[in-house]
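S.K.: Starting off with a structure, shown below.
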Amino acid sequence: MNNKFYAPLRSTRHGGVTNLANDSSTTVSGTAGLSQASVSVKIMSGAFDISKLAIDATKSSKSAVENALTFQAEALRSDFGRSANRQLYGDGSGIVCQVLASGGSVGVGTIGVMPRDANLDDGRSIDNYGTVNGDISPTKYLAPGNVIGIGTNANDKGTVSSTTGTSIVLTGAGTTAANDAIFLLDGAASGAGTMEFDGIREALSSTTGTYQYAGVARSTVGWTPQFGSVAEALTLSRLESSYLSAKEYGQMGDQYAIFMNKTLYKKYGDILTSLRRTVNETDLLGGWTGLEFAAGAGKVGVFLDYDVPDGEVLIINLDSWTITQVDDLSWLEDPNTNSMLRLANKISYQATLVWFANVLCLAPAANGRETQKTA
C-alpha cells in the first residue's frame, strides 16, 4: 500500500544557461535537476462515547442546558483543532515534555515534568532549550485519559489521571528516570516517535549536510532553513536578518507571516513603540489580525499564537508549505445525522473524527526559525 505523499522538487539550477563568446560559439546543453520529497501519511483521530440515556435525557431544553451530543461533538472538534495546531509546530516525535532533571523520578504515581531541554534522553527531538520565557506550561498538552509513554522508546506506559502545572498523576506506569521523554501514544499504547505530523520544528531544524528532511538531504539547494540559536533578547535587527535571508529563496509574490508566543509578541510591540512605529493591530492576511513588520521588502504580518514553541520566532513562507491529505477532515459517524455506531452489547454510541494528512515544506531555505529569544 502507498502510505506516502510525494512532491516533485527542483534540486539544482539549469546547467544550460551561458553567454556565447561570438555567434559561432557552441551552446551548452543542460538540464535542471529534479528530485522528490515525501512524507508519510499520518492518521489523526478523535472519538467519544455517549450513552443512549444521555442523548435522550438532553434532547430538549427542558431537560438540559445543552444537548449532550452536541456538546461532546463540539468539544471534540475544538480539541482536535488544538492538537493539530500543536503538531503543525512540532517535530513529529510526539514528545510533549520530559521528566524533571531532579525530583521528577518518584516512581508510580505523581511525576514532576518540565519543558524539553538539551538533556532530553531521546535524540529524535533536537533543538530543545527548556524554559525560555515560561510561555508554555509543561503539562499544557496533557489531559486526563491521555495514554503516554515514558523513556527510551516509550517503554514505560500509563494513562494520565490528572495534571497540575508541573506534574502529572498516572496509572499503570513504572519507575521513571530524570530527563525521560514523555510521548503521547495511541489507544494501543503505540506510535512513539512516528505518528504525529512532521511539522515546523522538523522542517526548520538545525540539521545540515547529509541529514534528510522529507527524504532529501539538507545539502540540496534550498533545503537548509535560516536557523538561529543565539540566546539573546529579541531585536528588530535579528528579525530583519533572518527574514531577508529567507526571502532570497522565495519566489516573487510569496506571502510571508511571522509567528510568536505572547512574551515575544509583546516585546515586538514594545520595539515598535520605541521606534515610534505603528503598533495598532490590523487585518494583514486573510482575516488574521496582527502587528506589522517591514524590512524594505514588503509588509509582513506578525501574529500571536499560543502554541509557538517558547522563545521562538517563526518566519514562514506560506506559499512554500502544503497540507498533504487524502481527503478533508471528516466524521466516520456524524453525530448530526443520527448515524453513530452502537457499541457491541451496549446502549452506547461512538462518534469518530479522522484525518489522513501531514504537512510538507517545499523550500525550507525560504523560511526562518530563531530560537532562545527573550524580552
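Residue numbering restarts at 1 for every chain of the C-alpha cells, chains are lettered A, B, ... in their displayed order, and ligands are numbered from 1 as they appear.
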Please report, as CSV, each residue of range 84-127 of chain A lying at most 10 Å from range 153-171 of chain A, together with the nearest pair of atoms and the separation in Å rounded to one decimal; use only C-alpha atoms, and order rows by chain and ascending residue number.
M.R.:
```
residue,atom,partner,partner_atom,distance
A:Ile95,CA,A:Ala154,CA,9.8
A:Val99,CA,A:Ser167,CA,9.0
A:Leu100,CA,A:Thr166,CA,9.1
A:Gly104,CA,A:Ser167,CA,8.4
A:Val108,CA,A:Leu170,CA,7.3
A:Gly109,CA,A:Leu170,CA,5.3
A:Thr110,CA,A:Val169,CA,4.4
A:Ile111,CA,A:Ile168,CA,5.4
A:Gly112,CA,A:Ser167,CA,4.3
A:Val113,CA,A:Ser167,CA,5.3
A:Met114,CA,A:Thr166,CA,6.7
A:Pro115,CA,A:Thr166,CA,9.4
A:Asp122,CA,A:Asn153,CA,8.2
```
S.K.: From range 181-369 of chain A, collect each residue whose DSSP state is strand (DSSP E or B) and return the set as number ranges by chain.
M.R.: A: 181-184, 212-213, 216-217, 226-228, 232-233, 256-260, 282-285, 288-294, 299-304, 313-317, 321-325, 330-331, 341-342, 348-361, 368-369
S.K.: Report, in Å to a single decimal, how far apart CA of Ser137 in chain A and CA of Trp288 in chain A are.
M.R.: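 For CA of Trp288 in chain A relative to CA of Ser137 in chain A, the distance reads 25.3 Å.
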S.K.: Residues within 8 Å of range 208-216 of chain A, please, as a PDB file with N, CA, C and O atoms, in the first residue's frame. Count only C-alpha atoms; anything in the same chain fewer than 3 positions from it doesn't count.
M.R.:
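Result saved to part33.pdb:
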```pdb
ATOM      1  N   SER A  35      14.288  16.225  -8.092  1.00  0.00           N
ATOM      2  CA  SER A  35      14.307  15.249  -7.020  1.00  0.00           C
ATOM      3  C   SER A  35      12.872  15.050  -6.556  1.00  0.00           C
ATOM      4  O   SER A  35      11.930  15.557  -7.166  1.00  0.00           O
ATOM      5  N   GLN A  36      12.706  14.320  -5.476  1.00  0.00           N
ATOM      6  CA  GLN A  36      11.372  14.032  -4.982  1.00  0.00           C
ATOM      7  C   GLN A  36      11.358  14.050  -3.463  1.00  0.00           C
ATOM      8  O   GLN A  36      12.141  13.352  -2.822  1.00  0.00           O
ATOM      9  N   ALA A  37      10.490  14.862  -2.898  1.00  0.00           N
ATOM     10  CA  ALA A  37      10.321  14.912  -1.449  1.00  0.00           C
ATOM     11  C   ALA A  37       9.098  14.080  -1.074  1.00  0.00           C
ATOM     12  O   ALA A  37       8.146  13.980  -1.852  1.00  0.00           O
ATOM     13  N   SER A  38       9.137  13.497   0.115  1.00  0.00           N
ATOM     14  CA  SER A  38       7.997  12.687   0.537  1.00  0.00           C
ATOM     15  C   SER A  38       7.849  12.705   2.055  1.00  0.00           C
ATOM     16  O   SER A  38       8.834  12.806   2.784  1.00  0.00           O
ATOM     17  N   VAL A  39       6.618  12.629   2.497  1.00  0.00           N
ATOM     18  CA  VAL A  39       6.311  12.467   3.920  1.00  0.00           C
ATOM     19  C   VAL A  39       5.257  11.374   4.042  1.00  0.00           C
ATOM     20  O   VAL A  39       4.467  11.146   3.132  1.00  0.00           O
ATOM     21  N   GLU A 202      10.494  20.160  12.645  1.00  0.00           N
ATOM     22  CA  GLU A 202      11.209  19.163  11.853  1.00  0.00           C
ATOM     23  C   GLU A 202      11.750  19.782  10.559  1.00  0.00           C
ATOM     24  O   GLU A 202      12.909  19.580  10.200  1.00  0.00           O
ATOM     25  N   ALA A 203      10.926  20.545   9.873  1.00  0.00           N
ATOM     26  CA  ALA A 203      11.345  21.141   8.598  1.00  0.00           C
ATOM     27  C   ALA A 203      12.413  22.209   8.792  1.00  0.00           C
ATOM     28  O   ALA A 203      13.317  22.347   7.967  1.00  0.00           O
ATOM     29  N   SER A 219      21.870  19.304   2.193  1.00  0.00           N
ATOM     30  CA  SER A 219      22.856  19.908   1.290  1.00  0.00           C
ATOM     31  C   SER A 219      22.250  20.287  -0.059  1.00  0.00           C
ATOM     32  O   SER A 219      22.865  21.033  -0.827  1.00  0.00           O
ATOM     33  N   THR A 220      21.048  19.810  -0.361  1.00  0.00           N
ATOM     34  CA  THR A 220      20.367  20.201  -1.594  1.00  0.00           C
ATOM     35  C   THR A 220      20.031  21.686  -1.554  1.00  0.00           C
ATOM     36  O   THR A 220      19.601  22.197  -0.519  1.00  0.00           O
ATOM     37  N   TRP A 223      17.275  23.636   0.728  1.00  0.00           N
ATOM     38  CA  TRP A 223      16.727  22.690   1.696  1.00  0.00           C
ATOM     39  C   TRP A 223      17.237  22.912   3.122  1.00  0.00           C
ATOM     40  O   TRP A 223      16.841  22.206   4.053  1.00  0.00           O
ATOM     41  N   THR A 224      18.120  23.891   3.319  1.00  0.00           N
ATOM     42  CA  THR A 224      18.607  24.221   4.664  1.00  0.00           C
ATOM     43  C   THR A 224      17.970  25.531   5.109  1.00  0.00           C
ATOM     44  O   THR A 224      18.171  26.572   4.484  1.00  0.00           O
ATOM     45  N   LEU A 360       4.076  19.441   4.568  1.00  0.00           N
ATOM     46  CA  LEU A 360       5.338  19.360   3.841  1.00  0.00           C
ATOM     47  C   LEU A 360       5.786  20.744   3.435  1.00  0.00           C
ATOM     48  O   LEU A 360       4.999  21.528   2.897  1.00  0.00           O
TER      49      LEU A 360
END
```
S.K.: Got a sec: who's within 7 Å of Thr12 in chain A, counting only C-alpha atoms, leaving out chain neighbours fewer than 5 positions off, as a list in words?
M.R.: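 The filter keeps Ala32, Gly33 and Val221 of chain A.
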S.K.: Using backbone DSSP assignments, extract all alpha helix (DSSP H) residues from range 60-260 of chain A; output them as a PyMOL selection string.
M.R.: chain A and resi 68-88+200-203+236-247
S.K.: For those residues, write C-alpha atoms to a file as a PDB file, in the first residue's frame.
M.R.:
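Final output, selection.pdb:
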```
ATOM      1  CA  ALA A  68     -25.085  16.364  25.454  1.00  0.00           C
ATOM      2  CA  LEU A  69     -24.441  15.001  21.972  1.00  0.00           C
ATOM      3  CA  THR A  70     -23.928  18.485  20.526  1.00  0.00           C
ATOM      4  CA  PHE A  71     -21.645  19.452  23.407  1.00  0.00           C
ATOM      5  CA  GLN A  72     -19.417  16.381  23.026  1.00  0.00           C
ATOM      6  CA  ALA A  73     -19.191  16.801  19.259  1.00  0.00           C
ATOM      7  CA  GLU A  74     -18.227  20.481  19.520  1.00  0.00           C
ATOM      8  CA  ALA A  75     -15.733  19.790  22.331  1.00  0.00           C
ATOM      9  CA  LEU A  76     -14.067  17.045  20.293  1.00  0.00           C
ATOM     10  CA  ARG A  77     -13.907  19.269  17.204  1.00  0.00           C
ATOM     11  CA  SER A  78     -12.324  22.111  19.196  1.00  0.00           C
ATOM     12  CA  ASP A  79      -9.682  19.969  20.909  1.00  0.00           C
ATOM     13  CA  PHE A  80      -8.965  18.169  17.630  1.00  0.00           C
ATOM     14  CA  GLY A  81      -8.064  21.538  16.121  1.00  0.00           C
ATOM     15  CA  ARG A  82      -5.876  22.447  19.105  1.00  0.00           C
ATOM     16  CA  SER A  83      -3.967  19.185  18.746  1.00  0.00           C
ATOM     17  CA  ALA A  84      -3.498  19.733  15.009  1.00  0.00           C
ATOM     18  CA  ASN A  85      -2.140  23.239  15.686  1.00  0.00           C
ATOM     19  CA  ARG A  86       0.371  21.865  18.221  1.00  0.00           C
ATOM     20  CA  GLN A  87       1.508  19.240  15.734  1.00  0.00           C
ATOM     21  CA  LEU A  88       1.960  21.818  12.966  1.00  0.00           C
ATOM     22  CA  ILE A 200       7.720  23.203  11.503  1.00  0.00           C
ATOM     23  CA  ARG A 201      10.308  22.106  14.079  1.00  0.00           C
ATOM     24  CA  GLU A 202      11.209  19.163  11.853  1.00  0.00           C
ATOM     25  CA  ALA A 203      11.345  21.141   8.598  1.00  0.00           C
ATOM     26  CA  LEU A 236      14.471  44.160  15.105  1.00  0.00           C
ATOM     27  CA  SER A 237      17.882  43.626  13.507  1.00  0.00           C
ATOM     28  CA  ARG A 238      17.732  39.875  14.171  1.00  0.00           C
ATOM     29  CA  LEU A 239      14.245  39.676  12.664  1.00  0.00           C
ATOM     30  CA  GLU A 240      15.287  41.616   9.570  1.00  0.00           C
ATOM     31  CA  SER A 241      18.395  39.491   9.013  1.00  0.00           C
ATOM     32  CA  SER A 242      16.531  36.185   9.189  1.00  0.00           C
ATOM     33  CA  TYR A 243      13.626  37.432   7.060  1.00  0.00           C
ATOM     34  CA  LEU A 244      15.832  38.859   4.299  1.00  0.00           C
ATOM     35  CA  SER A 245      17.941  35.667   4.199  1.00  0.00           C
ATOM     36  CA  ALA A 246      14.785  33.573   3.846  1.00  0.00           C
ATOM     37  CA  LYS A 247      13.309  35.828   1.181  1.00  0.00           C
TER      38      LYS A 247
END
```
S.K.: Which residues come within 7 Å of range 261-278 of chain A, counting only C-alpha atoms, excluding same-chain residues fewer than 4 positions away, as a list in words?
M.R.: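 Here the qualifying residues turn out to be Asn133, Asp135, Leu304, Asp305, Tyr306, Asp307, Val308, Asp310, Thr374 and Ala375 of chain A.
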S.K.: Excluding same-chain residues fewer than 3 positions from Gln226 in chain A, what lies within 8 Å of it counting only C-alpha atoms, as a ChimeraX atom specification?
M.R.: /A:204,242,245-246,364-369
S.K.: Would you output that residue set with N, CA, C and O atoms, as a PDB file, in the first residue's frame?
M.R.:
```pdb
ATOM      1  N   LEU A 204      12.311  22.960   9.893  1.00  0.00           N
ATOM      2  CA  LEU A 204      13.219  24.097  10.122  1.00  0.00           C
ATOM      3  C   LEU A 204      14.154  23.804  11.288  1.00  0.00           C
ATOM      4  O   LEU A 204      14.331  24.622  12.192  1.00  0.00           O
ATOM      5  N   SER A 242      17.077  37.504   9.483  1.00  0.00           N
ATOM      6  CA  SER A 242      16.531  36.185   9.189  1.00  0.00           C
ATOM      7  C   SER A 242      15.512  36.256   8.056  1.00  0.00           C
ATOM      8  O   SER A 242      15.502  35.411   7.150  1.00  0.00           O
ATOM      9  N   SER A 245      17.235  36.875   4.641  1.00  0.00           N
ATOM     10  CA  SER A 245      17.941  35.667   4.199  1.00  0.00           C
ATOM     11  C   SER A 245      16.960  34.641   3.654  1.00  0.00           C
ATOM     12  O   SER A 245      17.226  33.966   2.650  1.00  0.00           O
ATOM     13  N   ALA A 246      15.803  34.521   4.314  1.00  0.00           N
ATOM     14  CA  ALA A 246      14.785  33.573   3.846  1.00  0.00           C
ATOM     15  C   ALA A 246      14.186  34.018   2.523  1.00  0.00           C
ATOM     16  O   ALA A 246      13.948  33.194   1.621  1.00  0.00           O
ATOM     17  N   PRO A 364      12.498  24.791   2.538  1.00  0.00           N
ATOM     18  CA  PRO A 364      12.879  25.176   3.909  1.00  0.00           C
ATOM     19  C   PRO A 364      13.750  26.428   3.968  1.00  0.00           C
ATOM     20  O   PRO A 364      13.633  27.221   4.901  1.00  0.00           O
ATOM     21  N   ALA A 365      14.613  26.632   2.972  1.00  0.00           N
ATOM     22  CA  ALA A 365      15.509  27.791   2.983  1.00  0.00           C
ATOM     23  C   ALA A 365      14.757  29.109   2.881  1.00  0.00           C
ATOM     24  O   ALA A 365      15.285  30.161   3.235  1.00  0.00           O
ATOM     25  N   ALA A 366      13.528  29.065   2.388  1.00  0.00           N
ATOM     26  CA  ALA A 366      12.718  30.278   2.273  1.00  0.00           C
ATOM     27  C   ALA A 366      11.995  30.599   3.570  1.00  0.00           C
ATOM     28  O   ALA A 366      11.134  31.486   3.611  1.00  0.00           O
ATOM     29  N   ASN A 367      12.339  29.885   4.642  1.00  0.00           N
ATOM     30  CA  ASN A 367      11.741  30.078   5.946  1.00  0.00           C
ATOM     31  C   ASN A 367      12.834  30.306   6.993  1.00  0.00           C
ATOM     32  O   ASN A 367      13.989  29.913   6.795  1.00  0.00           O
ATOM     33  N   GLY A 368      12.457  30.942   8.094  1.00  0.00           N
ATOM     34  CA  GLY A 368      13.421  31.196   9.156  1.00  0.00           C
ATOM     35  C   GLY A 368      12.895  30.778  10.510  1.00  0.00           C
ATOM     36  O   GLY A 368      11.690  30.826  10.779  1.00  0.00           O
ATOM     37  N   ARG A 369      13.802  30.348  11.379  1.00  0.00           N
ATOM     38  CA  ARG A 369      13.452  29.969  12.756  1.00  0.00           C
ATOM     39  C   ARG A 369      14.530  30.481  13.702  1.00  0.00           C
ATOM     40  O   ARG A 369      15.690  30.082  13.616  1.00  0.00           O
TER      41      ARG A 369
END
```
S.K.: To one decimal place in Å, what is the distance between CA of Thr371 in chain A and CA of Thr152 in chain A?
M.R.: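 The value is 26.0 Å.
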S.K.: A:Val17, A:Ile126, A:Leu34, A:Leu314: which is nearest Ser205 in chain A, counting only C-alpha atoms?
M.R.: A:Ile126
S.K.: Looking at A:Thr352, A:Thr194, A:Thr131, A:Thr235, which one is nearest to Ser330 in chain A, with distances taken over only C-alpha atoms?
M.R.: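 Result for the nearest residue to Ser330 in chain A: A:Thr352.
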S.K.: From the options A:Thr322, A:Ser190, A:Asn119, A:Asn317, which residue's atoms come nearest to Gly253 in chain A, counting only C-alpha atoms?
M.R.: A:Asn317
